[in-house]
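The structure file my_file-v4.cif is reproduced below (mmCIF, C-alpha atoms).
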data_upload
#
loop_
_atom_site.label_atom_id
_atom_site.label_comp_id
_atom_site.auth_asym_id
_atom_site.auth_seq_id
_atom_site.Cartn_x
_atom_site.Cartn_y
_atom_site.Cartn_z
CA LYS Q 22 0.00 0.00 0.00
CA ALA Q 23 1.41 3.38 -0.98
CA GLY Q 24 2.26 5.78 1.82
CA VAL Q 25 1.35 9.39 2.31
CA THR Q 26 2.58 11.60 -0.49
CA GLN Q 27 3.18 15.33 -0.43
CA THR Q 28 3.90 17.73 -3.24
CA PRO Q 29 5.95 19.67 -3.87
CA ARG Q 30 8.87 18.51 -1.75
CA TYR Q 31 10.64 21.87 -1.82
CA LEU Q 32 9.41 25.40 -2.37
CA ILE Q 33 11.06 28.79 -2.37
CA LYS Q 34 8.81 31.84 -2.16
CA THR Q 35 9.18 35.50 -1.33
CA ARG Q 36 7.40 37.47 1.36
CA GLY Q 37 3.86 38.42 0.49
CA GLN Q 38 3.29 35.54 -1.91
CA GLN Q 39 0.95 32.66 -1.28
CA VAL Q 40 1.56 28.96 -1.50
CA THR Q 41 -0.50 25.78 -1.81
CA LEU Q 42 0.73 22.42 -0.57
CA SER Q 43 -0.86 19.10 -1.41
CA CYS Q 44 -1.22 15.84 0.50
CA SER Q 45 -2.55 12.47 -0.62
CA PRO Q 46 -3.31 10.14 2.30
CA ILE Q 47 -2.89 6.39 2.46
CA SER Q 48 -5.66 4.67 0.54
CA GLY Q 49 -8.66 4.20 2.82
CA HIS Q 50 -7.56 6.84 5.31
CA ARG Q 51 -10.07 9.62 5.74
CA SER Q 52 -8.42 11.90 8.29
CA VAL Q 53 -5.64 14.26 7.26
CA SER Q 54 -3.73 16.39 9.76
CA TRP Q 55 -1.25 19.15 8.97
CA TYR Q 56 1.72 20.21 11.09
CA GLN Q 57 4.38 22.89 10.94
CA GLN Q 58 7.86 22.10 12.20
CA THR Q 59 10.57 24.73 12.59
CA PRO Q 60 14.14 24.21 13.86
CA GLY Q 61 14.12 23.69 17.58
CA GLN Q 62 10.34 23.48 17.70
CA GLY Q 63 8.21 20.44 18.00
CA LEU Q 64 5.33 19.61 15.75
CA GLN Q 65 2.86 22.46 15.77
CA PHE Q 66 -0.64 21.31 14.88
CA LEU Q 67 -2.29 23.34 12.14
CA PHE Q 68 -5.59 21.61 11.43
CA GLU Q 69 -7.27 18.33 10.69
CA TYR Q 70 -9.77 17.42 8.01
CA PHE Q 71 -12.22 14.56 7.87
CA SER Q 72 -14.91 13.99 5.26
CA GLU Q 73 -14.16 17.34 3.65
CA THR Q 74 -14.74 19.19 6.95
CA GLN Q 75 -12.25 20.85 9.24
CA ARG Q 76 -12.61 18.93 12.47
CA ASN Q 77 -9.81 20.44 14.56
CA LYS Q 78 -7.81 23.62 14.34
CA GLY Q 79 -4.57 24.71 15.97
CA ASN Q 80 -3.53 28.16 17.06
CA PHE Q 81 -2.41 29.65 13.78
CA PRO Q 82 -3.52 32.89 12.08
CA GLY Q 83 -6.16 32.92 9.42
CA ARG Q 84 -3.47 33.14 6.72
CA PHE Q 85 -3.25 29.38 7.11
CA SER Q 86 -6.16 27.52 5.60
CA GLY Q 87 -6.91 24.14 4.17
CA ARG Q 88 -9.45 21.96 2.52
CA GLN Q 89 -10.15 18.34 1.78
CA PHE Q 90 -11.61 16.81 -1.32
CA SER Q 91 -14.03 13.92 -1.68
CA ASN Q 92 -11.15 11.51 -2.39
CA SER Q 93 -9.59 12.56 0.97
CA ARG Q 94 -6.74 14.43 -0.68
CA SER Q 95 -6.02 17.65 1.15
CA GLU Q 96 -4.45 20.98 0.41
CA MET Q 97 -3.22 23.71 2.69
CA ASN Q 98 -2.73 27.30 1.69
CA VAL Q 99 -0.66 30.02 3.26
CA SER Q 100 -1.35 33.54 2.09
CA THR Q 101 0.78 36.66 2.51
CA LEU Q 102 3.88 34.66 3.38
CA GLU Q 103 6.16 35.88 6.15
CA LEU Q 104 9.79 34.97 6.82
CA GLY Q 105 8.68 33.05 9.90
CA ASP Q 106 6.60 30.71 7.76
CA SER Q 107 9.78 29.01 6.59
CA ALA Q 108 9.38 25.48 7.92
CA LEU Q 109 8.86 21.83 7.16
CA TYR Q 110 5.15 21.24 6.59
CA LEU Q 111 4.06 17.74 7.37
CA CYS Q 112 0.89 15.95 6.50
CA ALA Q 113 -0.25 12.84 8.34
CA SER Q 114 -3.12 10.51 7.62
CA SER Q 115 -5.11 8.19 9.85
CA LYS Q 116 -8.03 5.88 9.25
CA VAL Q 117 -10.83 7.74 10.96
CA ALA Q 118 -9.94 9.58 14.15
CA SER Q 119 -6.89 11.81 14.27
CA SER Q 120 -6.18 10.22 17.65
CA ASP Q 121 -5.56 6.95 15.80
CA THR Q 122 -2.12 6.03 14.53
CA GLN Q 123 -0.90 8.77 12.21
CA TYR Q 124 1.39 8.10 9.27
CA PHE Q 125 3.44 10.98 7.99
CA GLY Q 126 4.31 12.04 4.49
CA PRO Q 127 7.84 13.16 3.57
CA GLY Q 128 6.97 16.81 4.10
CA THR Q 129 7.28 19.98 2.09
CA ARG Q 130 10.23 22.23 2.88
CA LEU Q 131 9.12 25.84 2.44
CA THR Q 132 11.66 28.63 2.37
CA VAL Q 133 10.43 32.22 2.42
CA LEU Q 134 12.92 34.86 1.30
CA GLN A 25 1.77 22.93 31.99
CA LYS A 26 2.50 21.31 28.64
CA GLU A 27 0.18 18.47 27.69
CA VAL A 28 3.00 16.10 26.69
CA GLU A 29 6.45 16.65 28.12
CA GLN A 30 9.75 15.16 27.11
CA ASN A 31 13.30 15.95 28.09
CA SER A 32 14.69 17.73 25.03
CA GLY A 33 18.15 16.29 25.56
CA PRO A 34 20.50 15.81 23.97
CA LEU A 35 20.77 12.35 25.47
CA SER A 36 24.10 10.73 24.79
CA VAL A 37 24.45 6.94 25.10
CA PRO A 38 27.40 4.69 24.21
CA GLU A 39 26.93 2.13 21.49
CA GLY A 40 25.60 -1.16 22.81
CA ALA A 41 24.04 0.40 25.92
CA ILE A 42 20.35 0.86 26.74
CA ALA A 43 18.81 4.21 25.84
CA SER A 44 15.87 5.26 27.99
CA LEU A 45 13.45 7.93 26.78
CA ASN A 46 10.66 9.27 28.94
CA CYS A 47 7.42 11.12 28.38
CA THR A 48 4.73 12.41 30.75
CA TYR A 49 1.25 13.55 29.82
CA SER A 50 -1.54 15.48 31.48
CA ASP A 51 -4.79 14.04 30.06
CA ARG A 52 -5.79 11.21 32.39
CA GLY A 53 -8.27 9.93 29.84
CA SER A 54 -5.68 9.32 27.12
CA GLN A 55 -5.92 5.84 25.67
CA SER A 56 -3.37 5.67 22.86
CA PHE A 57 0.35 6.31 23.04
CA PHE A 58 2.91 6.37 20.25
CA TRP A 59 6.62 6.73 19.74
CA TYR A 60 7.96 8.20 16.52
CA ARG A 61 11.54 8.50 15.34
CA GLN A 62 12.62 11.47 13.25
CA TYR A 63 15.96 11.69 11.54
CA SER A 64 17.30 15.16 10.81
CA GLY A 65 15.56 16.66 7.81
CA LYS A 66 13.13 13.75 7.52
CA SER A 67 9.55 13.15 8.59
CA PRO A 68 8.55 11.21 11.71
CA GLU A 69 8.17 7.45 11.35
CA LEU A 70 6.16 5.29 13.71
CA ILE A 71 8.20 2.98 15.94
CA MET A 72 5.63 1.65 18.37
CA SER A 73 2.16 2.11 19.74
CA ILE A 74 0.97 1.04 23.18
CA TYR A 75 -2.50 1.06 24.66
CA SER A 76 -2.36 -1.00 27.88
CA ASN A 77 -0.37 -0.68 31.06
CA GLY A 78 2.85 -2.64 31.09
CA ASP A 79 5.54 -3.41 28.57
CA LYS A 80 5.36 -4.00 24.84
CA GLU A 81 8.42 -5.32 23.04
CA ASP A 82 9.31 -5.13 19.37
CA GLY A 83 12.83 -6.20 18.54
CA ARG A 84 15.28 -3.94 20.32
CA PHE A 85 12.50 -1.53 21.33
CA THR A 86 10.35 -1.76 24.45
CA ALA A 87 7.56 0.67 25.24
CA GLN A 88 6.39 0.96 28.82
CA LEU A 89 3.12 2.53 29.92
CA ASN A 90 1.97 3.51 33.39
CA LYS A 91 -1.41 5.25 33.23
CA ALA A 92 -1.63 5.79 36.99
CA SER A 93 1.59 7.80 36.92
CA GLN A 94 0.83 9.22 33.48
CA TYR A 95 4.09 8.35 31.87
CA VAL A 96 5.23 6.35 28.91
CA SER A 97 8.80 5.39 28.13
CA LEU A 98 10.81 3.86 25.31
CA LEU A 99 13.82 1.64 25.89
CA ILE A 100 16.25 0.92 23.09
CA ARG A 101 18.50 -2.08 23.80
CA ASP A 102 21.88 -2.60 22.16
CA SER A 103 21.85 0.98 20.88
CA GLN A 104 23.33 1.52 17.44
CA PRO A 105 24.66 4.72 15.84
CA SER A 106 21.74 4.46 13.41
CA ASP A 107 19.41 5.01 16.39
CA SER A 108 20.69 8.58 16.65
CA ALA A 109 17.60 10.69 15.98
CA THR A 110 14.90 12.72 17.68
CA TYR A 111 12.23 10.63 19.36
CA LEU A 112 8.73 12.04 19.58
CA CYS A 113 6.13 10.89 22.07
CA ALA A 114 2.49 11.29 20.99
CA VAL A 115 -0.58 10.89 23.18
CA SER A 116 -4.23 10.82 22.18
CA GLU A 117 -6.13 13.76 23.61
CA ILE A 118 -9.57 12.89 24.89
CA GLN A 119 -10.66 16.11 26.54
CA GLY A 120 -11.65 18.72 23.99
CA ALA A 121 -10.58 18.07 20.43
CA GLN A 122 -9.74 14.43 19.90
CA LYS A 123 -6.33 14.43 18.30
CA LEU A 124 -2.76 13.35 18.87
CA VAL A 125 -0.64 15.68 20.93
CA PHE A 126 3.10 15.51 20.37
CA GLY A 127 5.89 16.23 22.77
CA GLN A 128 8.81 18.41 21.76
CA GLY A 129 11.00 15.37 21.22
CA THR A 130 14.20 14.04 22.76
CA ARG A 131 17.37 14.19 20.70
CA LEU A 132 19.33 10.95 21.13
CA THR A 133 22.96 10.48 20.12
CA ILE A 134 24.59 7.06 20.15
CA ASN A 135 28.34 7.32 20.45
CA PRO A 136 30.43 4.59 18.73
#

Transcribe the structure of this file into structure tokens.
Amino acid sequence: KAGVTQTPRYLIKTRGQQVTLSCSPISGHRSVSWYQQTPGQGLQFLFEYFSETQRNKGNFPGRFSGRQFSNSRSEMNVSTLELGDSALYLCASSKVASSDTQYFGPGTRLTVL
Amino acid sequence: QKEVEQNSGPLSVPEGAIASLNCTYSDRGSQSFFWYRQYSGKSPELIMSIYSNGDKEDGRFTAQLNKASQYVSLLIRDSQPSDSATYLCAVSEIQGAQKLVFGQGTRLTINP
């Protein structure tokens, strides 16, 4: 069974731009969670989607948004990029509940210049 | 108080010794506990899950859970340099939003 995939793997953007990241969960998994990880920081929870609905949300500004499609694929968008948004963005999928075992994708490394 | 706490390390262990990683959590209702390993620049990978009090062994790894004391630990026997990584503890949150809560991670270095 294929694992979680994320595209693109690397991105370089400038301040003020926006970016869209994509995540395809493991086949049959319906919950997708997004995390931000910066050097020295742990995993910061962004949000979780299930059945095309945002089920949980972390403490991030409204510039961070996401959505989920009927095939469980998910996208996250960051608008008006700031230097501090430079991070590894990780997507994780689980079968139903986000409190179930989560399997991570390889991540997208975003650099904001 | 953080929901899931880990010693950030770094924890340095000689090759062949036992590495012991600890994690405490605050939600008494938590039912699921996970250990992930993350190599530098890579994404976390699941090592073990544990749901019941006691020990669970998988190869060189042993997870230990004590719900009364609200701690979970990971023992790595016969540590190898390839075990050098950051280890993340994750606990299911029952109160409020039901999701996994991750600790900050413990950086482990195995010295040859």

Excluding Q:Pro127 and its own-chain neighbours fewer than 5 positions away, which residues fall within 7 Å of it when counting only C-alpha atoms? Please give them as a ChimeraX atom specification.
/Q:26-27 /A:66-67

Nearest-residue call for Q:Phe90, choices Q:Gly37, Q:Pro46, Q:Pro29, Q:Gly61, using all atoms listed in the file:
Q:Pro46

Nearest to chain Q among A:Ser50, A:Gln94, A:Gln30, A:Ser108, with distances taken over all atoms listed in the file: which residue is it?
A:Gln30

Can you pull out the residues contacting stretch 111-118 of chain A? Cut-off 10 Å, using all atoms listed in the file, and skip same-chain residues under 5 positions away; I want them as an mmCIF file with C-alpha atoms, in the frame of the given file.
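The result, stored in result_39.cif:
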data_model
loop_
_atom_site.group_PDB
_atom_site.id
_atom_site.type_symbol
_atom_site.label_atom_id
_atom_site.label_comp_id
_atom_site.auth_asym_id
_atom_site.auth_seq_id
_atom_site.Cartn_x
_atom_site.Cartn_y
_atom_site.Cartn_z
ATOM 1 C CA GLY Q 63 8.210 20.440 18.000
ATOM 2 C CA LEU Q 64 5.330 19.610 15.750
ATOM 3 C CA ALA Q 118 -9.940 9.580 14.150
ATOM 4 C CA SER Q 119 -6.890 11.810 14.270
ATOM 5 C CA SER Q 120 -6.180 10.220 17.650
ATOM 6 C CA ASP Q 121 -5.560 6.950 15.800
ATOM 7 C CA THR Q 122 -2.120 6.030 14.530
ATOM 8 C CA GLN Q 123 -0.900 8.770 12.210
ATOM 9 C CA GLU A 27 0.180 18.470 27.690
ATOM 10 C CA VAL A 28 3.000 16.100 26.690
ATOM 11 C CA GLU A 29 6.450 16.650 28.120
ATOM 12 C CA GLN A 30 9.750 15.160 27.110
ATOM 13 C CA SER A 32 14.690 17.730 25.030
ATOM 14 C CA LEU A 45 13.450 7.930 26.780
ATOM 15 C CA ASN A 46 10.660 9.270 28.940
ATOM 16 C CA CYS A 47 7.420 11.120 28.380
ATOM 17 C CA THR A 48 4.730 12.410 30.750
ATOM 18 C CA TYR A 49 1.250 13.550 29.820
ATOM 19 C CA SER A 50 -1.540 15.480 31.480
ATOM 20 C CA ASP A 51 -4.790 14.040 30.060
ATOM 21 C CA ARG A 52 -5.790 11.210 32.390
ATOM 22 C CA GLY A 53 -8.270 9.930 29.840
ATOM 23 C CA SER A 54 -5.680 9.320 27.120
ATOM 24 C CA GLN A 55 -5.920 5.840 25.670
ATOM 25 C CA SER A 56 -3.370 5.670 22.860
ATOM 26 C CA PHE A 57 0.350 6.310 23.040
ATOM 27 C CA PHE A 58 2.910 6.370 20.250
ATOM 28 C CA TRP A 59 6.620 6.730 19.740
ATOM 29 C CA TYR A 60 7.960 8.200 16.520
ATOM 30 C CA ARG A 61 11.540 8.500 15.340
ATOM 31 C CA GLN A 62 12.620 11.470 13.250
ATOM 32 C CA TYR A 63 15.960 11.690 11.540
ATOM 33 C CA PRO A 68 8.550 11.210 11.710
ATOM 34 C CA GLU A 69 8.170 7.450 11.350
ATOM 35 C CA LEU A 70 6.160 5.290 13.710
ATOM 36 C CA ILE A 71 8.200 2.980 15.940
ATOM 37 C CA MET A 72 5.630 1.650 18.370
ATOM 38 C CA SER A 73 2.160 2.110 19.740
ATOM 39 C CA ILE A 74 0.970 1.040 23.180
ATOM 40 C CA VAL A 96 5.230 6.350 28.910
ATOM 41 C CA SER A 97 8.800 5.390 28.130
ATOM 42 C CA LEU A 98 10.810 3.860 25.310
ATOM 43 C CA LYS A 123 -6.330 14.430 18.300
ATOM 44 C CA LEU A 124 -2.760 13.350 18.870
ATOM 45 C CA VAL A 125 -0.640 15.680 20.930
ATOM 46 C CA PHE A 126 3.100 15.510 20.370
ATOM 47 C CA GLY A 127 5.890 16.230 22.770
ATOM 48 C CA GLN A 128 8.810 18.410 21.760
ATOM 49 C CA GLY A 129 11.000 15.370 21.220
ATOM 50 C CA THR A 130 14.200 14.040 22.760
ATOM 51 C CA ARG A 131 17.370 14.190 20.700
ATOM 52 C CA LEU A 132 19.330 10.950 21.130
#

Would you kindly translate the PyMOL selection byres ((chain Q and resi 28) around 9) into the concrete residues it picks from this file, as a VMD selection string?
chain Q and resid 26 to 27 29 to 31 42 to 45 128 to 129

Those same residues, written as a CSV table (one decimal), in the coordinates of the input with C-alpha atoms?
chain,number,residue,atom,x,y,z
Q,26,THR,CA,2.6,11.6,-0.5
Q,27,GLN,CA,3.2,15.3,-0.4
Q,29,PRO,CA,6.0,19.7,-3.9
Q,30,ARG,CA,8.9,18.5,-1.8
Q,31,TYR,CA,10.6,21.9,-1.8
Q,42,LEU,CA,0.7,22.4,-0.6
Q,43,SER,CA,-0.9,19.1,-1.4
Q,44,CYS,CA,-1.2,15.8,0.5
Q,45,SER,CA,-2.6,12.5,-0.6
Q,128,GLY,CA,7.0,16.8,4.1
Q,129,THR,CA,7.3,20.0,2.1

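Counting from atom CA of A:Asp102, the distance to atom CA of A:Ala87 is 15.0 Å.
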
Measure the distance from atom CA of Q:Pro82 to atom CA of Q:Asp106 in Å and round it to one decimal.
11.2 Å

Residue IDs satisfying the PyMOL selection byres ((chain Q and resi 72-75) around 9), as a ChimeraX atom specification:
/Q:51-52,68-71,76-78,87-93,95
